[in-house]
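Containing compact mmCIF, C-alpha atoms: start_31.txt.
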# COMPACT_ATOMS: atom_id res chain seq x y z
CA VAL D 184 241.94 -43.65 -88.19
CA SER D 185 241.78 -47.02 -86.48
CA LEU D 186 238.29 -48.40 -85.85
CA ARG D 187 239.51 -50.99 -83.37
CA ARG D 188 238.12 -50.60 -79.88
CA GLY D 189 239.96 -51.76 -76.83
CA PRO D 190 243.24 -53.62 -76.64
CA PRO D 191 244.11 -56.07 -79.40
CA ARG D 192 243.13 -59.70 -78.79
CA THR D 193 246.24 -61.71 -78.20
CA GLY D 194 246.68 -65.42 -77.71
CA PHE D 195 246.46 -64.85 -73.96
CA HIS D 196 242.96 -63.37 -74.29
CA PHE D 197 241.70 -66.35 -76.24
CA GLN D 198 243.28 -68.79 -73.81
CA ALA D 199 241.67 -67.00 -70.87
CA ARG D 200 238.29 -67.01 -72.61
CA SER D 201 238.65 -70.71 -73.35
CA ARG D 202 239.45 -71.46 -69.70
CA CYS D 203 236.45 -69.39 -68.64
CA PHE D 204 234.06 -71.58 -70.64
CA ASN D 205 235.70 -74.81 -69.55
CA THR D 206 235.12 -74.40 -65.84
CA PRO D 207 233.26 -77.15 -63.93
CA ARG D 208 230.22 -74.88 -63.65
CA CYS D 209 230.01 -74.45 -67.44
CA GLU D 210 230.54 -78.16 -67.98
CA THR D 211 227.66 -78.87 -65.59
CA ARG D 212 225.37 -76.51 -67.46
CA ARG D 213 226.24 -78.07 -70.82
CA ALA D 214 225.68 -81.56 -69.43
CA THR D 215 222.31 -80.49 -68.00
CA ALA D 216 221.17 -79.07 -71.34
CA LYS D 217 222.33 -82.17 -73.19
CA GLY D 218 220.72 -84.55 -70.70
CA ILE D 219 217.38 -82.79 -70.67
CA PHE D 220 217.32 -82.73 -74.47
CA ASP D 221 217.73 -86.50 -74.73
CA ARG D 222 214.51 -88.53 -74.77
CA ALA D 223 215.59 -90.35 -71.63
CA GLY D 224 215.52 -86.98 -69.91
CA PRO D 225 217.81 -85.53 -67.25
CA ALA D 226 218.83 -87.19 -64.06
CA ASN D 227 216.81 -86.86 -60.90
CA MET D 228 218.20 -85.25 -57.77
CA ASP D 229 219.25 -88.71 -56.64
CA GLY D 230 221.01 -89.39 -59.94
CA SER D 231 218.43 -91.80 -61.37
CA VAL D 232 217.40 -91.33 -65.00
CA VAL D 233 213.80 -90.37 -65.75
CA SER D 234 211.91 -91.57 -68.82
CA SER D 235 209.06 -89.73 -70.54
CA THR D 236 207.16 -92.98 -71.06
CA SER D 237 205.19 -95.09 -68.59
CA GLU D 238 206.33 -98.38 -67.13
CA GLN D 239 204.30 -100.15 -69.85
CA GLY D 240 206.24 -98.28 -72.53
CA GLU D 241 203.32 -96.14 -73.68
CA ARG D 242 203.77 -92.49 -74.55
CA LEU D 243 202.55 -90.00 -71.98
CA CYS D 244 200.70 -86.84 -73.05
CA LEU D 245 200.65 -83.56 -71.17
CA HIS D 246 196.95 -82.84 -71.65
CA GLU D 247 196.01 -86.23 -70.15
CA PHE D 248 197.68 -85.53 -66.80
CA ILE D 249 198.38 -81.83 -66.23
CA THR D 250 196.10 -78.80 -66.20
CA LYS D 251 198.55 -76.15 -65.00
CA CYS D 252 201.82 -75.49 -63.24
CA SER D 253 203.20 -72.61 -61.24
CA VAL D 254 206.31 -71.47 -59.42
CA PRO D 255 204.77 -70.10 -56.22
CA SER D 256 207.87 -69.72 -54.06
CA PHE D 257 211.56 -70.34 -53.60
CA THR D 258 213.58 -71.69 -50.69
CA THR D 259 217.21 -71.65 -49.68
CA ASP D 260 218.68 -74.77 -48.10
CA THR D 261 221.33 -74.99 -45.39
CA ASN D 262 224.08 -74.93 -48.01
CA GLY D 263 222.83 -71.66 -49.44
CA VAL D 264 221.45 -73.29 -52.60
CA VAL D 265 218.27 -71.66 -53.94
CA TRP D 266 215.47 -73.98 -55.04
CA PHE D 267 212.39 -72.83 -56.94
CA ASP D 268 209.23 -74.69 -55.91
CA LEU D 269 206.98 -76.07 -58.65
CA GLN D 270 203.30 -76.85 -58.04
CA VAL D 271 201.78 -79.14 -60.68
CA GLY D 272 198.01 -79.28 -61.09
CA ALA D 273 196.79 -82.76 -62.06
CA LYS D 274 193.78 -83.39 -64.28
CA TYR D 275 192.57 -86.11 -61.90
CA GLY D 276 192.99 -86.11 -58.14
CA GLU D 277 195.52 -84.05 -56.29
CA GLY D 278 198.58 -82.57 -57.94
CA TRP D 279 202.12 -82.78 -56.69
CA ALA D 280 205.03 -80.54 -55.84
CA THR D 281 208.64 -80.63 -56.96
CA ARG D 282 211.52 -78.20 -56.99
CA HIS D 283 214.39 -77.30 -59.30
CA ARG D 284 217.40 -75.04 -59.31
CA TYR D 285 217.65 -72.19 -61.77
CA SER D 286 220.26 -74.13 -63.74
CA GLN D 287 217.68 -76.87 -64.36
CA PHE D 288 215.15 -74.33 -65.66
CA LEU D 289 217.94 -73.00 -67.85
CA GLY D 290 218.64 -76.53 -69.08
CA LEU D 291 214.97 -76.89 -70.07
CA HIS D 292 215.11 -73.57 -71.89
CA ASP D 293 218.34 -74.48 -73.71
CA GLY D 294 216.94 -77.90 -74.62
CA ALA D 295 213.86 -76.27 -76.17
CA ARG D 296 216.06 -73.94 -78.19
CA GLN D 297 218.20 -76.86 -79.28
CA ALA D 298 215.04 -78.63 -80.47
CA GLU D 299 214.23 -75.45 -82.46
CA VAL D 300 210.76 -75.24 -80.97
CA ILE D 301 211.71 -71.96 -79.25
CA VAL D 302 213.46 -69.56 -81.58
CA GLY D 303 214.31 -65.88 -81.79
CA THR D 304 216.54 -63.64 -79.76
CA LEU D 305 216.69 -63.95 -75.98
CA ASP D 306 214.81 -60.66 -75.69
CA CYS D 307 212.06 -61.77 -78.11
CA GLU D 308 211.52 -65.53 -78.15
CA VAL D 309 208.61 -67.29 -79.86
CA LEU D 310 207.15 -70.78 -79.53
CA ARG D 311 206.57 -72.74 -82.73
CA THR D 312 203.48 -74.94 -82.43
CA SER D 313 203.19 -76.04 -86.07
CA ASP D 314 204.67 -75.41 -89.50
CA GLY D 315 201.86 -73.22 -90.76
CA SER D 316 200.68 -71.35 -87.65
CA PHE D 317 201.97 -68.01 -86.46
CA PRO D 318 204.49 -68.45 -83.61
CA LEU D 319 203.49 -67.37 -80.12
CA THR D 320 205.48 -64.73 -78.28
CA LEU D 321 206.81 -65.97 -74.95
CA PRO D 322 207.47 -64.06 -71.76
CA ARG D 323 211.15 -63.26 -71.40
CA PHE D 324 213.10 -66.05 -69.76
CA PRO D 325 214.99 -64.71 -66.69
CA GLY D 326 218.62 -64.26 -67.58
CA LYS D 327 221.69 -65.21 -65.61
CA SER D 328 223.23 -62.81 -63.14
CA TRP D 329 226.95 -62.13 -63.30
CA THR D 330 226.95 -59.77 -60.32
CA GLY D 331 226.97 -62.51 -57.72
CA ARG D 332 224.15 -60.86 -55.79
CA ALA D 333 221.17 -63.02 -54.82
CA ASN D 334 219.06 -60.88 -52.52
CA GLY D 335 215.41 -61.53 -51.82
CA ALA D 336 214.02 -58.93 -54.24
CA TRP D 337 216.18 -60.19 -57.11
CA LEU D 338 215.22 -63.82 -56.43
CA GLU D 339 211.54 -62.88 -56.28
CA GLU D 340 211.86 -61.18 -59.66
CA ARG D 341 213.46 -64.32 -61.05
CA ARG D 342 210.68 -66.48 -59.56
CA VAL D 343 207.98 -64.33 -61.18
CA GLY D 344 209.76 -64.60 -64.53
CA LEU D 345 210.08 -68.38 -64.29
CA ASP D 346 206.42 -68.66 -63.28
CA LYS D 347 205.19 -66.68 -66.30
CA TRP D 348 207.47 -68.54 -68.69
CA MET D 349 206.50 -72.01 -67.41
CA ARG D 350 202.76 -71.26 -67.47
CA CYS D 351 202.89 -69.99 -71.05
CA VAL D 352 205.09 -72.80 -72.41
CA LEU D 353 203.07 -75.56 -70.75
CA LYS D 354 199.68 -74.15 -71.78
CA ASN D 355 200.56 -73.63 -75.44
CA THR D 356 202.46 -76.90 -75.79
CA ALA D 357 199.55 -78.93 -74.42
CA GLU D 358 196.99 -77.02 -76.49
CA GLY D 359 199.05 -77.32 -79.67
CA LEU D 360 199.41 -81.10 -79.38
CA PHE D 361 195.79 -81.57 -78.31
CA SER D 362 194.57 -79.58 -81.32
CA ALA D 363 196.69 -81.73 -83.63
CA ALA D 364 195.29 -84.93 -82.11
CA ASP D 365 191.72 -83.61 -82.17
CA SER D 366 191.93 -82.70 -85.86
CA ASP D 367 193.83 -85.87 -86.83
CA SER D 368 196.62 -83.74 -88.25
CA GLU D 369 200.30 -84.59 -88.07
CA GLU D 370 202.06 -83.55 -84.89
CA PHE D 371 204.81 -80.95 -85.10
CA PRO D 372 208.03 -82.88 -84.26
CA PRO D 373 209.78 -80.01 -82.41
CA LEU D 374 206.69 -79.55 -80.23
CA VAL D 375 206.68 -83.28 -79.43
CA LYS D 376 210.29 -82.92 -78.27
CA LEU D 377 209.29 -80.03 -76.03
CA GLU D 378 206.47 -82.12 -74.59
CA THR D 379 209.03 -84.81 -73.73
CA LEU D 380 211.19 -82.24 -71.98
CA LEU D 381 208.24 -80.91 -69.99
CA LEU D 382 207.03 -84.38 -68.99
CA THR D 383 210.45 -85.14 -67.56
CA PHE D 384 210.91 -81.72 -65.96
CA LEU D 385 207.51 -81.84 -64.24
CA GLU D 386 208.06 -85.45 -63.10
CA VAL D 387 204.95 -86.79 -64.82
CA PRO D 388 206.29 -90.36 -65.30
CA GLN D 389 206.77 -90.76 -61.54
CA ASN D 390 203.19 -89.64 -60.86
CA ALA D 391 201.36 -91.07 -63.91
CA GLU D 392 200.24 -94.31 -62.27
CA ARG D 393 198.94 -92.49 -59.20
CA CYS D 394 196.98 -90.11 -61.44
CA ARG D 395 195.45 -93.02 -63.32
CA GLN D 396 194.43 -94.68 -60.07
CA GLN D 397 192.87 -91.45 -58.84
CA ARG D 398 190.94 -91.19 -62.11
CA ILE D 399 189.65 -94.75 -61.62
CA ASP D 400 188.68 -94.02 -58.02
CA GLU D 401 186.83 -90.86 -59.03
CA ALA D 402 184.96 -92.75 -61.75
CA ARG D 403 183.94 -95.42 -59.25
CA GLN D 404 182.70 -92.77 -56.84
CA VAL D 405 180.59 -91.22 -59.59
CA LEU D 406 179.12 -94.62 -60.49
CA ARG D 407 178.30 -95.34 -56.84
CA ALA D 408 176.68 -91.94 -56.41
CA THR D 409 174.65 -92.45 -59.59
CA ALA D 410 173.50 -95.90 -58.50
CA ARG D 411 172.61 -94.61 -55.03
CA SER D 412 170.63 -91.75 -56.52
CA ALA D 413 168.78 -94.15 -58.81
CA ASP D 414 167.91 -96.42 -55.88
CA GLU D 415 166.63 -93.49 -53.85
CA GLN D 416 164.60 -92.26 -56.79
CA GLY D 417 163.04 -95.69 -57.25
CA PHE D 418 162.13 -95.89 -53.54
CA SER D 419 160.49 -92.47 -53.58
CA ASP D 420 158.46 -93.50 -56.66
CA SER D 421 157.07 -96.51 -54.80
CA GLU D 422 156.06 -94.25 -51.95
CA SER D 423 154.40 -91.75 -54.25
CA ASP D 424 151.26 -93.96 -54.39
CA GLY D 425 150.62 -93.11 -50.76
CA LEU D 426 151.02 -96.70 -49.59
CA SER D 427 153.91 -98.07 -47.61
CA ASP D 428 154.90 -101.74 -47.60
CA THR D 429 153.04 -102.23 -44.29
CA ASP D 430 149.84 -100.69 -45.64
CA SER D 431 150.03 -102.90 -48.69
CA ASP D 432 150.45 -106.08 -46.62
CA CYS D 433 147.52 -105.16 -44.38
CA SER D 434 145.24 -104.62 -47.32
CA ARG D 435 146.05 -108.08 -48.63
CA VAL D 436 145.39 -109.73 -45.25
CA SER D 437 142.02 -108.08 -44.93
Please rewrite the model in this file as structure tokens.
Amino acid sequence: VSLRRGPPRTGFHFQARSRCFNTPRCETRRATAKGIFDRAGPANMDGSVVSSTSEQGERLCLHEFITKCSVPSFTTDTNGVVWFDLQVGAKYGEGWATRHRYSQFLGLHDGARQAEVIVGTLDCEVLRTSDGSFPLTLPRFPGKSWTGRANGAWLEERRVGLDKWMRCVLKNTAEGLFSAADSDSEEFPPLVKLETLLLTFLEVPQNAERCRQQRIDEARQVLRATARSADEQGFSDSESDGLSDTDSDCSRVS
């Protein structure tokens, strides 16, 4: 009894499969995953390369700039291309908004797997935050669709999946690196690579200087408010004796 299922694989089948994975679309996906894995990061929409460091060459850290991120909506442009909107919450001042295609989210996911910080099967992926800690189970990353259908309900389901996945990855990456820095322990190299990917994906380098300036402005406002409160408190103390400046002058004249 033959245990073979289906027609035998001939040279034609392998050639067809090879052509299938060498299409321009597949090449674009591979290039996206490779570019986002590099430290220089992927290219912007305008083709410019983004770095995960500041203009002064210092390393940027997630927990110093970002508190949260979400994927609240999606839009379709005039060419029929679907963009998923990203809202980034800044630690200081106002946050910012950006948008990415699904293929760019997929490039981030593939880059994290290539860095071996996300491991496991696609149905049960875990995030490694250190060598000794227990890995964290991640929400399932939305898979690709081979049906060619992109109706509103299906896109909304994909948006919800991307939102859950991004929130969980960002939160646990930032907390893992912050805990390592707070305890003076050695950082987990794969998690540092994931931080670099997230910094680039969320466009932190482009907004870092503005966030710093907003932090400075907020600190100045607090100092001014404190000084104003101290002045007002000192004035009220002088009036607590029941004498105003005019009363005091009159008493001296008399």
Quiz item: By how many Å are atom CA of Lys274 of chain D and atom CA of Ala357 of chain D apart?
Solution: 12.5 Å
Quiz item: What does the distance between atom CA of Gly278 of chain D and atom CA of Ala363 of chain D come to in Å, to one decimal place?
Solution: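 Separation between atom CA of Gly278 of chain D and atom CA of Ala363 of chain D: 25.8 Å.
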Quiz item: Which is closer to Leu385 of chain D than all the others in D:Thr409, D:Ser256, D:Gln287, D:Gln297, using all atoms listed in the file?
Solution: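 Answer, going by the shortest atom-to-atom distance: D:Gln287.
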Near segment 301-310 of chain D, counting only C-alpha atoms, which residues have an atom at most 12 Å away, once you skip same-chain residues fewer than 5 positions from it, shown as a compact mmCIF listing (two decimals) with C-alpha atoms, in the coordinates of the input?
# COMPACT_ATOMS: atom_id res chain seq x y z
CA LEU D 291 214.97 -76.89 -70.07
CA HIS D 292 215.11 -73.57 -71.89
CA ASP D 293 218.34 -74.48 -73.71
CA GLY D 294 216.94 -77.90 -74.62
CA ALA D 295 213.86 -76.27 -76.17
CA ARG D 296 216.06 -73.94 -78.19
CA SER D 316 200.68 -71.35 -87.65
CA PHE D 317 201.97 -68.01 -86.46
CA PRO D 318 204.49 -68.45 -83.61
CA LEU D 319 203.49 -67.37 -80.12
CA THR D 320 205.48 -64.73 -78.28
CA LEU D 321 206.81 -65.97 -74.95
CA PRO D 322 207.47 -64.06 -71.76
CA ARG D 323 211.15 -63.26 -71.40
CA PHE D 324 213.10 -66.05 -69.76
CA PRO D 325 214.99 -64.71 -66.69
CA GLY D 326 218.62 -64.26 -67.58
CA LYS D 327 221.69 -65.21 -65.61
CA TRP D 348 207.47 -68.54 -68.69
CA CYS D 351 202.89 -69.99 -71.05
CA VAL D 352 205.09 -72.80 -72.41
CA LEU D 353 203.07 -75.56 -70.75
CA LYS D 354 199.68 -74.15 -71.78
CA ASN D 355 200.56 -73.63 -75.44
CA THR D 356 202.46 -76.90 -75.79
CA GLY D 359 199.05 -77.32 -79.67
CA PHE D 371 204.81 -80.95 -85.10
CA PRO D 373 209.78 -80.01 -82.41
CA LEU D 374 206.69 -79.55 -80.23
CA LYS D 376 210.29 -82.92 -78.27
CA LEU D 377 209.29 -80.03 -76.03
Exercise. Can you work out which one of D:Asn262, D:Ser286, D:Ser328, D:Thr312 has the shortest atom-to-atom distance to Glu378 of chain D, counting all atoms listed in the file?
Key: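 That would be D:Thr312, the residue with the smallest distance to Glu378 of chain D.
One distance worth recording is that between atom CA of Phe361 of chain D and atom CA of Arg403 of chain D, which is 26.4 Å.
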Practice problem: Name the closest residue to Leu381 of chain D among the candidates D:Arg350, D:Arg393, D:Arg407, D:Arg311; distances are taken between atoms, counting only C-alpha atoms. | Solution: D:Arg350
Quiz prompt | For Phe257 of chain D, the nearest of the candidates D:Val300, D:Val375, D:Leu243, D:Leu269, counting only C-alpha atoms | solution =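 Closest to Phe257 of chain D, using only C-alpha atoms: D:Leu269.
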Quiz prompt | Counting all atoms listed in the file, the residue of D:Ile249, D:Leu360, D:Val387, D:Val265 that sits nearest Arg341 of chain D | solution = D:Val265
Add whatever atoms are absent from segment 306-329 of chain D to reach N, CA, C and O atoms, and provide the output as a CSV table (one decimal), in the frame of the given file.
chain,number,residue,atom,x,y,z
D,306,ASP,N,215.7,-61.7,-76.1
D,306,ASP,CA,214.8,-60.7,-75.7
D,306,ASP,C,213.4,-60.8,-76.4
D,306,ASP,O,212.5,-60.1,-75.9
D,307,CYS,N,213.3,-61.6,-77.4
D,307,CYS,CA,212.1,-61.8,-78.1
D,307,CYS,C,212.0,-63.2,-78.6
D,307,CYS,O,212.3,-63.4,-79.8
D,308,GLU,N,211.6,-64.1,-77.8
D,308,GLU,CA,211.5,-65.5,-78.2
D,308,GLU,C,210.1,-65.9,-78.5
D,308,GLU,O,209.1,-65.3,-77.9
D,309,VAL,N,209.9,-66.8,-79.4
D,309,VAL,CA,208.6,-67.3,-79.9
D,309,VAL,C,208.6,-68.8,-79.8
D,309,VAL,O,209.6,-69.5,-79.9
D,310,LEU,N,207.4,-69.3,-79.6
D,310,LEU,CA,207.2,-70.8,-79.5
D,310,LEU,C,206.5,-71.2,-80.8
D,310,LEU,O,205.4,-70.7,-81.2
D,311,ARG,N,207.1,-72.2,-81.5
D,311,ARG,CA,206.6,-72.7,-82.7
D,311,ARG,C,205.7,-73.9,-82.4
D,311,ARG,O,206.2,-74.9,-81.8
D,312,THR,N,204.4,-73.9,-82.7
D,312,THR,CA,203.5,-74.9,-82.4
D,312,THR,C,203.1,-75.8,-83.6
D,312,THR,O,202.6,-76.9,-83.5
D,313,SER,N,203.4,-75.3,-84.8
D,313,SER,CA,203.2,-76.0,-86.1
D,313,SER,C,203.9,-75.3,-87.2
D,313,SER,O,204.5,-74.2,-87.0
D,314,ASP,N,204.0,-76.0,-88.4
D,314,ASP,CA,204.7,-75.4,-89.5
D,314,ASP,C,203.9,-74.2,-90.1
D,314,ASP,O,204.6,-73.2,-90.5
D,315,GLY,N,202.6,-74.3,-90.1
D,315,GLY,CA,201.9,-73.2,-90.8
D,315,GLY,C,201.3,-72.1,-89.9
D,315,GLY,O,201.0,-71.0,-90.3
D,316,SER,N,201.3,-72.3,-88.6
D,316,SER,CA,200.7,-71.4,-87.6
D,316,SER,C,201.7,-70.3,-87.3
D,316,SER,O,202.9,-70.4,-87.4
D,317,PHE,N,201.1,-69.1,-86.9
D,317,PHE,CA,202.0,-68.0,-86.5
D,317,PHE,C,202.6,-68.3,-85.1
D,317,PHE,O,201.9,-68.8,-84.2
D,318,PRO,N,203.9,-68.1,-84.9
D,318,PRO,CA,204.5,-68.4,-83.6
D,318,PRO,C,204.0,-67.6,-82.5
D,318,PRO,O,203.6,-66.4,-82.7
D,319,LEU,N,204.0,-68.1,-81.3
D,319,LEU,CA,203.5,-67.4,-80.1
D,319,LEU,C,204.6,-66.7,-79.4
D,319,LEU,O,205.7,-67.3,-79.1
D,320,THR,N,204.5,-65.4,-79.0
D,320,THR,CA,205.5,-64.7,-78.3
D,320,THR,C,205.5,-65.2,-76.8
D,320,THR,O,204.4,-65.3,-76.2
D,321,LEU,N,206.7,-65.5,-76.3
D,321,LEU,CA,206.8,-66.0,-75.0
D,321,LEU,C,207.3,-64.9,-74.0
D,321,LEU,O,207.9,-63.9,-74.4
D,322,PRO,N,206.9,-65.0,-72.7
D,322,PRO,CA,207.5,-64.1,-71.8
D,322,PRO,C,209.0,-64.2,-71.7
D,322,PRO,O,209.5,-65.3,-72.0
D,323,ARG,N,209.7,-63.2,-71.4
D,323,ARG,CA,211.2,-63.3,-71.4
D,323,ARG,C,211.6,-64.2,-70.3
D,323,ARG,O,211.2,-64.1,-69.2
D,324,PHE,N,212.5,-65.1,-70.7
D,324,PHE,CA,213.1,-66.0,-69.8
D,324,PHE,C,214.1,-65.3,-68.9
D,324,PHE,O,215.0,-64.6,-69.4
D,325,PRO,N,214.1,-65.4,-67.6
D,325,PRO,CA,215.0,-64.7,-66.7
D,325,PRO,C,216.4,-65.1,-67.0
D,325,PRO,O,216.8,-66.2,-67.1
D,326,GLY,N,217.2,-64.0,-67.2
D,326,GLY,CA,218.6,-64.3,-67.6
D,326,GLY,C,219.5,-64.6,-66.4
D,326,GLY,O,219.1,-64.5,-65.2
D,327,LYS,N,220.7,-64.9,-66.7
D,327,LYS,CA,221.7,-65.2,-65.6
D,327,LYS,C,222.2,-63.9,-65.0
D,327,LYS,O,222.1,-62.8,-65.6
D,328,SER,N,222.7,-64.0,-63.8
D,328,SER,CA,223.2,-62.8,-63.1
D,328,SER,C,224.7,-63.0,-63.0
D,328,SER,O,225.2,-64.0,-62.4
D,329,TRP,N,225.5,-62.0,-63.4
D,329,TRP,CA,227.0,-62.1,-63.3
D,329,TRP,C,227.5,-61.3,-62.1
D,329,TRP,O,228.7,-61.1,-61.9
